[in-house]
>>> print(open('upload-v7.cif').read())   # mmCIF, C-alpha atoms and all ligand atoms
data_start
#
loop_
_atom_site.label_atom_id
_atom_site.label_comp_id
_atom_site.auth_asym_id
_atom_site.auth_seq_id
_atom_site.Cartn_x
_atom_site.Cartn_y
_atom_site.Cartn_z
CA MET A 1 0.00 0.00 0.00
CA LEU A 2 2.84 2.39 0.86
CA GLU A 3 4.46 1.64 -2.49
CA THR A 4 1.21 2.36 -4.39
CA ALA A 5 0.59 5.60 -2.47
CA ARG A 6 4.15 6.78 -3.14
CA TYR A 7 3.86 5.83 -6.81
CA ASN A 8 0.64 7.83 -7.19
CA ILE A 9 2.10 10.88 -5.41
CA THR A 10 5.28 10.77 -7.49
CA TYR A 11 3.26 10.51 -10.71
CA ALA A 12 1.03 13.44 -9.73
CA ALA A 13 4.08 15.52 -8.71
CA GLU A 14 5.64 14.90 -12.13
CA ARG A 15 2.45 15.95 -13.92
CA LEU A 16 2.39 19.16 -11.85
CA ASN A 17 6.13 19.80 -12.33
CA LEU A 18 6.80 19.88 -8.60
CA SER A 19 10.45 20.11 -7.54
CA PRO A 20 12.26 17.16 -5.87
CA ASP A 21 12.15 19.08 -2.57
CA GLN A 22 8.39 19.60 -2.85
CA LEU A 23 7.94 15.91 -3.63
CA LYS A 24 10.09 14.88 -0.65
CA LEU A 25 7.86 16.89 1.69
CA LEU A 26 4.80 15.01 0.37
CA LEU A 27 6.37 11.57 0.71
CA GLU A 28 7.81 11.83 4.22
CA PRO A 29 5.78 12.15 7.44
CA GLN A 30 6.38 15.24 9.54
CA ALA A 31 6.42 13.31 12.85
CA GLU A 32 6.53 9.63 13.80
CA HIS A 33 5.65 8.60 17.35
CA GLU A 34 6.49 4.99 18.20
CA PHE A 35 6.08 3.83 21.80
CA THR A 36 5.11 0.89 23.95
CA ILE A 37 2.03 0.33 26.07
CA LYS A 38 2.42 -1.93 29.10
CA LEU A 39 -0.65 -4.13 29.40
CA ASP A 40 0.72 -6.02 32.40
CA LYS A 41 4.15 -7.09 33.69
CA ALA A 42 4.62 -9.58 30.86
CA ILE A 43 3.00 -7.87 27.86
CA GLU A 44 4.21 -4.75 26.09
CA LEU A 45 2.41 -3.60 22.94
CA LYS A 46 3.86 -1.53 20.10
CA ALA A 47 1.91 1.67 19.45
CA TYR A 48 2.17 4.33 16.75
CA ARG A 49 0.91 7.75 15.71
CA ILE A 50 2.31 8.99 12.42
CA GLN A 51 1.58 12.60 11.54
CA HIS A 52 2.09 12.92 7.82
CA ASN A 53 1.21 16.47 6.81
CA ASN A 54 -0.59 19.43 8.42
CA LYS A 55 -0.27 22.02 5.68
CA ARG A 56 -4.06 22.36 5.30
CA GLY A 57 -4.96 22.09 9.02
CA PRO A 58 -4.74 19.81 12.06
CA TYR A 59 -3.72 16.21 11.40
CA LYS A 60 -6.70 13.85 11.04
CA GLY A 61 -6.88 10.06 10.92
CA GLY A 62 -8.04 6.91 12.69
CA ILE A 63 -6.53 4.61 15.30
CA ARG A 64 -6.43 0.91 14.45
CA PHE A 65 -6.15 -1.97 16.94
CA HIS A 66 -4.89 -5.00 15.01
CA GLU A 67 -2.17 -7.64 15.44
CA GLN A 68 -0.59 -6.71 12.11
CA VAL A 69 -0.27 -2.97 12.77
CA ASN A 70 3.27 -1.91 11.87
CA ARG A 71 5.14 1.29 11.07
CA ASP A 72 4.93 0.96 7.25
CA GLU A 73 1.20 0.28 7.27
CA VAL A 74 0.51 3.24 9.56
CA LYS A 75 2.75 5.44 7.39
CA ALA A 76 0.86 4.43 4.21
CA LEU A 77 -2.52 5.08 5.80
CA ALA A 78 -1.32 8.45 7.18
CA THR A 79 -0.13 9.42 3.70
CA LEU A 80 -3.50 8.44 2.19
CA MET A 81 -5.28 10.56 4.83
CA THR A 82 -3.33 13.65 3.71
CA MET A 83 -4.34 12.93 0.13
CA LYS A 84 -7.97 12.31 1.11
CA THR A 85 -8.48 15.48 3.16
CA ALA A 86 -6.72 17.54 0.47
CA ALA A 87 -8.69 16.03 -2.43
CA LEU A 88 -11.94 16.75 -0.57
CA GLY A 89 -10.85 20.33 0.11
CA LEU A 90 -11.12 19.92 3.91
CA PRO A 91 -9.07 22.22 6.18
CA LEU A 92 -7.33 19.19 7.70
CA GLY A 93 -4.10 17.23 7.31
CA GLY A 94 -3.36 13.52 7.48
CA ALA A 95 -2.27 11.12 10.24
CA LYS A 96 -2.89 7.55 11.38
CA GLY A 97 -2.35 5.57 14.55
CA GLY A 98 -2.44 2.04 15.77
CA VAL A 99 -1.68 -0.50 18.45
CA ALA A 100 -0.36 -3.94 17.53
CA VAL A 101 -2.84 -6.05 19.45
CA ASN A 102 -5.68 -8.47 18.77
CA PRO A 103 -8.61 -6.80 20.56
CA LYS A 104 -10.57 -10.06 20.52
CA SER A 105 -8.04 -11.42 23.03
CA LEU A 106 -8.80 -8.60 25.51
CA ASN A 107 -11.51 -8.02 28.09
CA LEU A 108 -13.16 -4.58 28.47
CA THR A 109 -10.86 -3.53 31.35
CA GLN A 110 -7.77 -4.28 29.27
CA LEU A 111 -9.23 -2.47 26.25
CA GLU A 112 -9.91 0.62 28.36
CA LYS A 113 -6.41 0.47 29.85
CA ILE A 114 -4.80 0.40 26.39
CA SER A 115 -7.04 3.22 25.12
CA ARG A 116 -6.21 5.49 28.05
CA ALA A 117 -2.48 4.63 27.93
CA TYR A 118 -2.42 5.52 24.23
CA VAL A 119 -3.67 9.01 25.08
CA ASP A 120 -1.39 9.39 28.13
CA TYR A 121 1.63 9.12 25.85
CA LEU A 122 0.29 11.18 22.95
CA ALA A 123 -1.54 13.98 24.82
CA PRO A 124 1.17 16.61 24.16
CA TYR A 125 1.03 15.93 20.41
CA ILE A 126 -2.74 15.75 19.79
CA GLY A 127 -5.75 18.03 20.45
CA PRO A 128 -8.51 19.97 18.66
CA ASP A 129 -6.07 22.26 16.84
CA LYS A 130 -3.16 19.80 16.48
CA ASP A 131 -4.25 16.27 15.65
CA ILE A 132 -7.77 14.83 15.88
CA PRO A 133 -7.84 11.01 15.92
CA ALA A 134 -10.90 8.87 15.10
CA PRO A 135 -11.87 5.17 15.13
CA ASP A 136 -10.61 2.74 12.48
CA VAL A 137 -10.42 -1.05 12.21
CA ASN A 138 -11.43 -2.64 15.58
CA THR A 139 -11.88 0.67 17.38
CA ASN A 140 -15.31 2.18 18.04
CA ALA A 141 -17.24 4.95 19.80
CA GLN A 142 -16.71 3.36 23.24
CA ILE A 143 -12.92 3.39 22.79
CA ILE A 144 -13.01 6.97 21.53
CA ASP A 145 -15.20 8.01 24.51
CA TRP A 146 -12.53 6.64 26.91
CA MET A 147 -9.84 8.49 24.95
CA VAL A 148 -11.73 11.80 25.06
CA ASP A 149 -12.26 11.36 28.80
CA GLU A 150 -8.56 10.68 29.35
CA TYR A 151 -7.54 13.62 27.18
CA SER A 152 -9.86 16.02 29.02
CA LYS A 153 -8.57 14.79 32.41
CA LEU A 154 -5.00 15.46 31.32
CA THR A 155 -5.57 18.81 29.59
CA GLN A 156 -8.87 20.17 31.03
CA ASP A 157 -10.14 20.47 27.42
CA THR A 158 -13.94 20.33 27.54
CA SER A 159 -14.70 20.91 23.84
CA ARG A 160 -14.68 17.15 23.04
CA ALA A 161 -13.24 18.23 19.67
CA SER A 162 -10.04 16.31 20.41
CA PHE A 163 -11.41 13.13 18.78
CA THR A 164 -14.20 12.28 16.34
CA GLY A 165 -16.31 9.13 16.10
CA LYS A 166 -17.65 9.63 19.64
CA SER A 167 -20.98 8.18 20.74
CA LEU A 168 -23.94 10.53 20.20
CA SER A 169 -24.33 11.23 23.91
CA HIS A 170 -20.64 12.22 24.14
CA GLY A 171 -20.58 14.73 21.27
CA GLY A 172 -20.71 12.45 18.22
CA SER A 173 -22.44 13.45 14.98
CA LEU A 174 -25.65 12.13 13.51
CA GLY A 175 -25.00 10.42 10.19
CA ARG A 176 -21.44 9.31 11.05
CA GLU A 177 -22.16 5.57 11.08
CA ALA A 178 -23.48 5.50 7.50
CA ALA A 179 -21.22 8.27 6.19
CA THR A 180 -18.57 6.24 4.36
CA GLY A 181 -21.10 4.04 2.56
CA ARG A 182 -23.35 7.01 1.82
CA GLY A 183 -20.39 9.00 0.45
CA GLY A 184 -19.57 6.13 -1.92
CA VAL A 185 -23.14 6.06 -3.25
CA ILE A 186 -23.10 9.83 -3.85
CA CYS A 187 -19.73 9.62 -5.59
CA LEU A 188 -20.76 6.74 -7.88
CA GLY A 189 -24.11 8.41 -8.63
CA GLU A 190 -22.31 11.59 -9.68
CA LEU A 191 -19.78 9.75 -11.83
CA LEU A 192 -22.57 7.88 -13.65
CA LYS A 193 -24.43 11.14 -14.18
CA LEU A 194 -21.32 12.81 -15.64
CA ARG A 195 -20.84 9.84 -17.97
CA GLY A 196 -24.46 9.92 -19.09
CA HIS A 197 -25.18 6.48 -17.62
CA ASN A 198 -28.84 6.73 -16.62
CA ARG A 199 -29.95 3.13 -17.12
CA PRO A 200 -30.65 0.68 -14.28
CA LEU A 201 -27.54 -1.20 -13.17
CA THR A 202 -26.44 -4.30 -11.28
CA TYR A 203 -23.71 -4.38 -8.66
CA ALA A 204 -21.77 -6.74 -6.39
CA ILE A 205 -20.16 -5.91 -3.04
CA GLU A 206 -17.04 -7.55 -1.69
CA GLY A 207 -17.12 -7.10 2.11
CA PHE A 208 -20.57 -6.60 3.61
CA GLY A 209 -19.28 -4.97 6.83
CA ASN A 210 -19.88 -1.43 8.09
CA VAL A 211 -18.97 0.29 4.83
CA GLY A 212 -20.39 -2.31 2.43
CA SER A 213 -23.71 -2.70 4.24
CA PHE A 214 -24.35 1.05 4.40
CA PHE A 215 -23.42 1.38 0.72
CA ALA A 216 -26.15 -1.19 -0.02
CA LEU A 217 -28.72 0.27 2.40
CA VAL A 218 -28.29 3.84 1.18
CA SER A 219 -28.38 2.86 -2.49
CA GLN A 220 -31.51 0.76 -1.92
CA GLN A 221 -33.13 3.94 -0.57
CA ASP A 222 -31.64 6.62 -2.83
CA GLN A 223 -30.89 4.71 -6.05
CA PRO A 224 -33.72 2.19 -6.48
CA SER A 225 -32.64 1.35 -10.04
CA TRP A 226 -29.34 -0.11 -8.76
CA LYS A 227 -29.78 -3.83 -8.13
CA LEU A 228 -27.55 -5.61 -5.61
CA VAL A 229 -26.97 -9.11 -7.01
CA ALA A 230 -24.01 -10.40 -4.98
CA ALA A 231 -22.32 -9.77 -1.63
CA SER A 232 -19.55 -11.40 0.38
CA ASP A 233 -18.06 -11.52 3.83
CA SER A 234 -14.95 -13.39 4.94
CA SER A 235 -16.97 -16.65 5.18
CA SER A 236 -18.64 -16.82 1.75
CA ALA A 237 -20.15 -14.95 -1.21
CA ILE A 238 -23.83 -15.06 -2.18
CA TYR A 239 -25.19 -14.45 -5.66
CA GLN A 240 -28.83 -13.89 -6.61
CA PRO A 241 -29.29 -12.51 -10.17
CA GLU A 242 -32.88 -11.49 -9.37
CA GLY A 243 -31.60 -9.23 -6.58
CA LEU A 244 -30.77 -9.26 -2.86
CA ASN A 245 -32.49 -7.15 -0.22
CA ALA A 246 -29.87 -5.00 1.56
CA GLN A 247 -32.02 -4.63 4.68
CA VAL A 248 -32.46 -8.41 5.00
CA LEU A 249 -28.71 -8.96 4.62
CA SER A 250 -27.92 -6.19 7.08
CA ASP A 251 -30.35 -7.58 9.69
CA PHE A 252 -28.86 -11.05 9.19
CA LYS A 253 -25.31 -9.70 9.77
CA ALA A 254 -26.43 -7.58 12.75
CA LYS A 255 -27.58 -10.79 14.47
CA GLY A 256 -24.06 -12.17 14.07
CA GLY A 257 -24.80 -14.22 10.94
CA SER A 258 -22.14 -15.35 8.44
CA PHE A 259 -22.97 -15.51 4.75
CA LYS A 260 -21.94 -19.19 4.62
CA ASP A 261 -25.21 -19.81 6.53
CA PHE A 262 -27.38 -17.51 4.39
CA LYS A 263 -29.88 -19.32 2.17
CA ALA A 264 -28.92 -18.29 -1.40
CA ASN A 265 -26.69 -19.39 -4.28
CA HIS A 266 -23.09 -19.39 -3.13
CA VAL A 267 -20.02 -18.54 -5.23
CA SER A 268 -16.35 -18.15 -4.31
CA SER A 269 -15.00 -14.72 -3.45
CA GLU A 270 -12.93 -14.76 -6.67
CA GLN A 271 -16.07 -15.61 -8.69
CA LEU A 272 -17.86 -12.62 -7.16
CA LYS A 273 -15.15 -10.30 -8.52
CA ALA A 274 -15.51 -11.89 -11.99
CA LEU A 275 -19.31 -11.52 -12.22
CA LYS A 276 -20.79 -9.79 -15.23
CA VAL A 277 -22.22 -6.83 -13.31
CA ASP A 278 -22.09 -3.12 -14.10
CA VAL A 279 -20.36 -2.15 -10.84
CA LEU A 280 -17.99 -3.99 -8.51
CA VAL A 281 -17.78 -2.42 -5.04
CA LEU A 282 -14.67 -3.42 -3.08
CA ALA A 283 -15.31 -2.83 0.62
CA ALA A 284 -13.20 -5.48 2.38
CA LEU A 285 -9.43 -5.28 2.27
CA GLU A 286 -6.41 -3.87 0.45
CA ASN A 287 -4.96 -5.68 -2.62
CA SER A 288 -8.18 -7.38 -3.65
CA LEU A 289 -7.50 -6.85 -7.38
CA THR A 290 -3.92 -7.49 -8.49
CA SER A 291 -2.12 -8.94 -11.51
CA LYS A 292 -3.42 -12.36 -10.39
CA ASN A 293 -7.13 -11.66 -10.95
CA MET A 294 -7.45 -8.32 -12.79
CA LYS A 295 -8.11 -9.97 -16.17
CA GLN A 296 -11.26 -11.62 -14.86
CA VAL A 297 -13.04 -8.35 -14.05
CA GLU A 298 -16.20 -7.95 -16.18
CA ALA A 299 -17.65 -4.87 -14.43
CA ARG A 300 -17.50 -1.47 -16.15
CA TYR A 301 -16.98 0.40 -12.88
CA VAL A 302 -14.96 -0.54 -9.79
CA VAL A 303 -15.52 1.43 -6.58
CA GLU A 304 -12.70 1.41 -4.04
CA MET A 305 -14.55 1.62 -0.72
CA ALA A 306 -11.73 -0.13 1.18
CA ASN A 307 -8.30 1.52 1.33
CA GLY A 308 -6.07 0.35 -1.52
CA PRO A 309 -8.14 -2.61 -2.81
CA VAL A 310 -6.81 -2.20 -6.39
CA ASP A 311 -3.01 -2.30 -6.65
CA LYS A 312 -1.15 -0.17 -9.17
CA THR A 313 -0.70 -2.93 -11.78
CA ALA A 314 -4.41 -3.73 -11.74
CA ASN A 315 -5.30 -0.05 -11.78
CA ASN A 316 -3.24 0.60 -14.93
CA TYR A 317 -4.62 -2.51 -16.59
CA LEU A 318 -8.27 -1.66 -15.85
CA TYR A 319 -7.77 1.91 -17.09
CA LYS A 320 -6.42 0.59 -20.40
CA ARG A 321 -9.46 -1.67 -20.72
CA GLY A 322 -11.76 1.33 -20.23
CA ILE A 323 -12.96 0.20 -16.79
CA ALA A 324 -13.35 3.20 -14.49
CA VAL A 325 -11.89 2.77 -11.00
CA LEU A 326 -13.39 5.26 -8.55
CA PRO A 327 -10.40 5.82 -6.25
CA ASP A 328 -10.42 5.28 -2.50
CA ILE A 329 -9.23 8.76 -1.58
CA ILE A 330 -12.51 10.10 -3.02
CA ALA A 331 -14.92 7.14 -2.85
CA ASN A 332 -14.42 6.32 0.84
CA ALA A 333 -13.87 9.89 2.07
CA GLY A 334 -17.45 10.22 3.39
CA GLY A 335 -16.28 9.11 6.84
CA VAL A 336 -13.63 11.80 7.15
CA VAL A 337 -16.03 14.44 5.80
CA VAL A 338 -18.54 13.69 8.57
CA SER A 339 -15.67 13.50 11.08
CA TYR A 340 -14.81 17.02 10.00
CA LEU A 341 -18.47 18.02 10.46
CA GLU A 342 -18.45 16.44 13.96
CA TRP A 343 -15.35 18.47 14.89
CA ARG A 344 -17.03 21.64 13.59
CA GLN A 345 -20.18 20.93 15.64
CA ASN A 346 -18.06 20.38 18.78
CA LEU A 347 -16.14 23.64 18.28
CA LEU A 348 -19.43 25.54 17.75
CA ASN A 349 -21.11 23.63 20.60
CA GLN A 350 -23.94 22.60 18.26
CA GLN A 351 -25.71 19.37 17.25
CA TRP A 352 -26.84 19.37 13.61
CA SER A 353 -29.75 17.32 12.24
CA GLU A 354 -28.95 14.22 10.21
CA ALA A 355 -30.48 15.90 7.14
CA LYS A 356 -28.10 18.85 7.49
CA VAL A 357 -25.08 16.57 7.92
CA ASN A 358 -26.09 14.46 4.89
CA GLN A 359 -26.67 17.54 2.77
CA LYS A 360 -23.18 18.89 3.59
CA LEU A 361 -21.66 15.44 2.97
CA SER A 362 -23.37 15.35 -0.41
CA SER A 363 -22.00 18.70 -1.51
CA TYR A 364 -18.38 17.77 -0.56
CA MET A 365 -18.61 14.40 -2.33
CA THR A 366 -20.28 15.83 -5.44
CA GLU A 367 -17.76 18.63 -5.81
CA ALA A 368 -14.78 16.30 -5.34
CA THR A 369 -16.14 13.83 -7.94
CA ASN A 370 -16.64 16.64 -10.45
CA ASN A 371 -13.12 17.94 -9.80
CA VAL A 372 -11.60 14.49 -10.31
CA VAL A 373 -13.51 13.85 -13.54
CA ASN A 374 -12.50 17.27 -14.91
CA ILE A 375 -8.83 16.70 -14.07
CA ALA A 376 -8.94 13.21 -15.62
CA HIS A 377 -10.17 14.81 -18.89
CA GLN A 378 -7.70 17.68 -18.71
CA TYR A 379 -4.65 15.46 -18.01
CA ARG A 380 -5.92 12.45 -20.03
CA THR A 381 -5.36 10.17 -17.12
CA SER A 382 -7.16 7.67 -14.87
CA LEU A 383 -9.50 8.77 -12.09
CA THR A 384 -6.98 7.50 -9.51
CA GLU A 385 -4.17 9.59 -10.92
CA ALA A 386 -6.54 12.54 -11.28
CA ALA A 387 -7.52 12.29 -7.60
CA PHE A 388 -3.85 12.49 -6.59
CA ILE A 389 -3.28 15.44 -8.93
CA LEU A 390 -6.27 17.17 -7.29
CA ALA A 391 -4.87 16.44 -3.81
CA LEU A 392 -1.42 17.77 -4.70
CA LYS A 393 -2.89 20.90 -6.30
CA ASN A 394 -4.72 21.55 -3.02
CA LEU A 395 -1.52 20.96 -1.07
CA SER A 396 0.70 23.31 -3.06
P1 LIG B 401 -15.69 -4.17 8.68
O1 LIG B 401 -14.76 -5.02 9.47
O2 LIG B 401 -16.96 -3.70 9.29
O3 LIG B 401 -16.10 -4.94 7.32
C1 LIG B 401 -15.21 -5.64 6.51
C2 LIG B 401 -16.01 -6.75 5.84
O4 LIG B 401 -15.17 -7.41 4.88
C3 LIG B 401 -16.49 -7.84 6.80
O5 LIG B 401 -17.83 -8.19 6.46
C4 LIG B 401 -15.56 -9.02 6.51
O6 LIG B 401 -16.17 -10.28 6.78
C5 LIG B 401 -15.34 -8.81 5.04
N1 LIG B 401 -14.14 -9.49 4.52
C6 LIG B 401 -12.92 -9.63 5.09
N2 LIG B 401 -12.12 -10.35 4.29
C7 LIG B 401 -12.85 -10.65 3.19
C8 LIG B 401 -12.57 -11.36 2.00
N3 LIG B 401 -11.37 -11.89 1.77
N4 LIG B 401 -13.55 -11.47 1.09
C9 LIG B 401 -14.77 -10.95 1.29
N5 LIG B 401 -15.09 -10.25 2.40
C10 LIG B 401 -14.13 -10.11 3.34
O7 LIG B 401 -14.80 -2.95 8.16
P2 LIG B 401 -15.32 -1.58 7.53
O8 LIG B 401 -15.31 -0.54 8.57
O9 LIG B 401 -16.52 -1.85 6.73
O10 LIG B 401 -14.10 -1.24 6.57
C11 LIG B 401 -13.91 -1.90 5.31
C12 LIG B 401 -12.78 -1.22 4.57
O11 LIG B 401 -13.11 0.15 4.35
C13 LIG B 401 -11.42 -1.23 5.28
O12 LIG B 401 -10.44 -1.33 4.28
C14 LIG B 401 -11.37 0.14 5.92
O13 LIG B 401 -10.03 0.56 6.14
C15 LIG B 401 -12.05 0.96 4.84
N6 LIG B 401 -12.61 2.23 5.32
C16 LIG B 401 -13.52 2.24 6.33
C17 LIG B 401 -14.07 3.46 6.74
C18 LIG B 401 -15.13 3.50 7.82
O14 LIG B 401 -15.70 4.58 8.03
N7 LIG B 401 -15.44 2.39 8.48
C19 LIG B 401 -13.66 4.66 6.14
C20 LIG B 401 -12.73 4.61 5.10
C21 LIG B 401 -12.22 3.38 4.69
#
>>> encode(input="upload-v7.cif", output="structure tokens", more="lines below")
Ligand code: NAD
Amino acid sequence: MLETARYNITYAAERLNLSPDQLKLLLEPQAEHEFTIKLDKAIELKAYRIQHNNKRGPYKGGIRFHEQVNRDEVKALATLMTMKTAALGLPLGGAKGGVAVNPKSLNLTQLEKISRAYVDYLAPYIGPDKDIPAPDVNTNAQIIDWMVDEYSKLTQDTSRASFTGKSLSHGGSLGREAATGRGGVICLGELLKLRGHNRPLTYAIEGFGNVGSFFALVSQQDQPSWKLVAASDSSSAIYQPEGLNAQVLSDFKAKGGSFKDFKANHVSSEQLKALKVDVLVLAALENSLTSKNMKQVEARYVVEMANGPVDKTANNYLYKRGIAVLPDIIANAGGVVVSYLEWRQNLLNQQWSEAKVNQKLSSYMTEATNNVVNIAHQYRTSLTEAAFILALKNLS
């Protein structure tokens, strides 16, 4: 992922004739915090916060709790956050954090201890006007609420604008839970409109988790002519050419169900990516389409809802075949847009209605999609490369 992010930044810098010094500033993080958290006498966990760039405003980015968290991964995700906030035109920079731990092996007391210890170390380097962390993989509103509490104990800050992704009763924003999926639907809808595609379409989703399920639920509501025909989770993929009901799937998953137990036709996860659908939505993991499987793609549009699901070889190949890849730094930016709106509400001491939040989200996503499509025409390049050119323009 780091390699792909660096490749895209270097390409965009060349197209914009940036100097080697300007490029260096965009590739290297401004600050890297690496420390250990003592869980008990025997266990020490590696923890990170990498602050990539704050040229446009305070650093912004999630905190991930996962066994495989490492410096390079956090660096790549921090770099992508800078690109995302810049491409969306937000007055924020990019950062990312993480703790190398499997949260499923912890009880609630241990989880709280790690969350508070993370803030104890980082308190001097974060805050509403310095760096505003948020949840990411395996972190949630409860963890963020503990972090905000710890931060306010240490600093006496009462704005609650030090973190986003809080629970509603602790200063969170309406609309945050669905924001990433909703943003993807708005972005795809706008791209189709700009390309004059106004016929009904079929789509498949890899990864029916938070992002994938909200993509399906929002499109069922707002884009009734889009038909969901396939969906997968890590256990199995289901395929129903006559259409799947997003609400039924979402309710099934909310009760802890796995798709391997869902009554439908089952296909392999590789077969799902090769289905003859109009749109393939990738909402699971990075490197889902690579040189190994890119030739099997039959969709005309690929939407990167996960971070980095299409690697650079596959991206170049799909572009040459005329398949449009809607890039992650735009398609999945809905979450950071509503995080920004949460921060704004906290600073103003306000609570906006869900309709107001969704309307603001829509205007950011629509404008960014239009900008990317215009740049792709102007520079005769792919949407991914155009999104990086847009980000770098906004950073220079
Ligand atoms: P999640 O854990 O809720 O969902 C991930 C889903 O993918 C799960 O249903 C899981 O079973 C499925 N999955 C895992 N491996 C799979 C495989 N090999 N094949 C098919 N399905 C598989 O996570 P999420 O919050 O929905 O995030 C998904 C992706 O979107 C991640 O890459 C994340 O970094 C990115 N993202 C999330 C947000 C957000 O707001 N949650 C914002 C931006 C980007």
>>> residues_near_point(input="upload-v7.cif", point="(-7.1, 14.5, -16.0)", cutoff="8 Å", atoms="all atoms listed in the file", output="list in words")
Val372, Val373, Asn374, Ile375, Ala376, His377, Gln378, Tyr379, Arg380, Thr381, Ser382, Leu383, Glu385 and Ala386 of chain A
>>> residues_around(input="upload-v7.cif", residues="Gln51 in chain A", least_positions_apart="3", cutoff="8 Å", atoms="all atoms listed in the file", output="count of residues only")
10
>>> residues_near_ligand(input="upload-v7.cif", ligand="ligand LIG 401 (chain B)", cutoff="6 Å", atoms="only C-alpha atoms and all ligand atoms", output="list of chain:residue names")
A:Thr180, A:Glu206, A:Gly207, A:Phe208, A:Gly209, A:Asn210, A:Val211, A:Gly212, A:Ser232, A:Asp233, A:Ser234, A:Ser269, A:Ala283, A:Ala284, A:Leu285, A:Met305, A:Ala306, A:Asn307, A:Asn332, A:Gly335
>>> atom_distance(input="upload-v7.cif", atom1="CA of Val148 in chain A", atom2="CA of Ala86 in chain A")
25.7 Å
>>> closest_atom_pairs(input="upload-v7.cif", of="range 41-74 of chain A", to="range 153-164 of chain A", cutoff="12 Å", atoms="only C-alpha atoms", output="JSON lines")
{"residue": "A:Pro58", "atom": "CA", "partner": "A:Ser162", "partner_atom": "CA", "distance": 10.5}
{"residue": "A:Tyr59", "atom": "CA", "partner": "A:Ser162", "partner_atom": "CA", "distance": 11.0}
{"residue": "A:Lys60", "atom": "CA", "partner": "A:Phe163", "partner_atom": "CA", "distance": 9.1}
{"residue": "A:Gly61", "atom": "CA", "partner": "A:Thr164", "partner_atom": "CA", "distance": 9.4}
{"residue": "A:Gly62", "atom": "CA", "partner": "A:Thr164", "partner_atom": "CA", "distance": 9.0}
{"residue": "A:Ile63", "atom": "CA", "partner": "A:Phe163", "partner_atom": "CA", "distance": 10.4}
>>> residues_near_point(input="upload-v7.cif", point="(-5.9, -4.3, 21.9)", cutoff="10 Å", atoms="all atoms listed in the file", output="number ranges by chain")
A: 39, 45, 64-67, 98-108, 110-115, 138-139
>>> write_last_selection(input="upload-v7.cif", atoms="C-alpha atoms", output="PDB file, in the frame of the given file")
ATOM      1  CA  LEU A  39      -0.650  -4.130  29.400  1.00  0.00           C
ATOM      2  CA  LEU A  45       2.410  -3.600  22.940  1.00  0.00           C
ATOM      3  CA  ARG A  64      -6.430   0.910  14.450  1.00  0.00           C
ATOM      4  CA  PHE A  65      -6.150  -1.970  16.940  1.00  0.00           C
ATOM      5  CA  HIS A  66      -4.890  -5.000  15.010  1.00  0.00           C
ATOM      6  CA  GLU A  67      -2.170  -7.640  15.440  1.00  0.00           C
ATOM      7  CA  GLY A  98      -2.440   2.040  15.770  1.00  0.00           C
ATOM      8  CA  VAL A  99      -1.680  -0.500  18.450  1.00  0.00           C
ATOM      9  CA  ALA A 100      -0.360  -3.940  17.530  1.00  0.00           C
ATOM     10  CA  VAL A 101      -2.840  -6.050  19.450  1.00  0.00           C
ATOM     11  CA  ASN A 102      -5.680  -8.470  18.770  1.00  0.00           C
ATOM     12  CA  PRO A 103      -8.610  -6.800  20.560  1.00  0.00           C
ATOM     13  CA  LYS A 104     -10.570 -10.060  20.520  1.00  0.00           C
ATOM     14  CA  SER A 105      -8.040 -11.420  23.030  1.00  0.00           C
ATOM     15  CA  LEU A 106      -8.800  -8.600  25.510  1.00  0.00           C
ATOM     16  CA  ASN A 107     -11.510  -8.020  28.090  1.00  0.00           C
ATOM     17  CA  LEU A 108     -13.160  -4.580  28.470  1.00  0.00           C
ATOM     18  CA  GLN A 110      -7.770  -4.280  29.270  1.00  0.00           C
ATOM     19  CA  LEU A 111      -9.230  -2.470  26.250  1.00  0.00           C
ATOM     20  CA  GLU A 112      -9.910   0.620  28.360  1.00  0.00           C
ATOM     21  CA  LYS A 113      -6.410   0.470  29.850  1.00  0.00           C
ATOM     22  CA  ILE A 114      -4.800   0.400  26.390  1.00  0.00           C
ATOM     23  CA  SER A 115      -7.040   3.220  25.120  1.00  0.00           C
ATOM     24  CA  ASN A 138     -11.430  -2.640  15.580  1.00  0.00           C
ATOM     25  CA  THR A 139     -11.880   0.670  17.380  1.00  0.00           C
TER      26      THR A 139
END
>>> closest_residue(input="upload-v7.cif", among="A:Arg344, A:Lys356, A:Lys193, A:Lys166", to="Pro91 in chain A", atoms="all atoms listed in the file")
A:Arg344
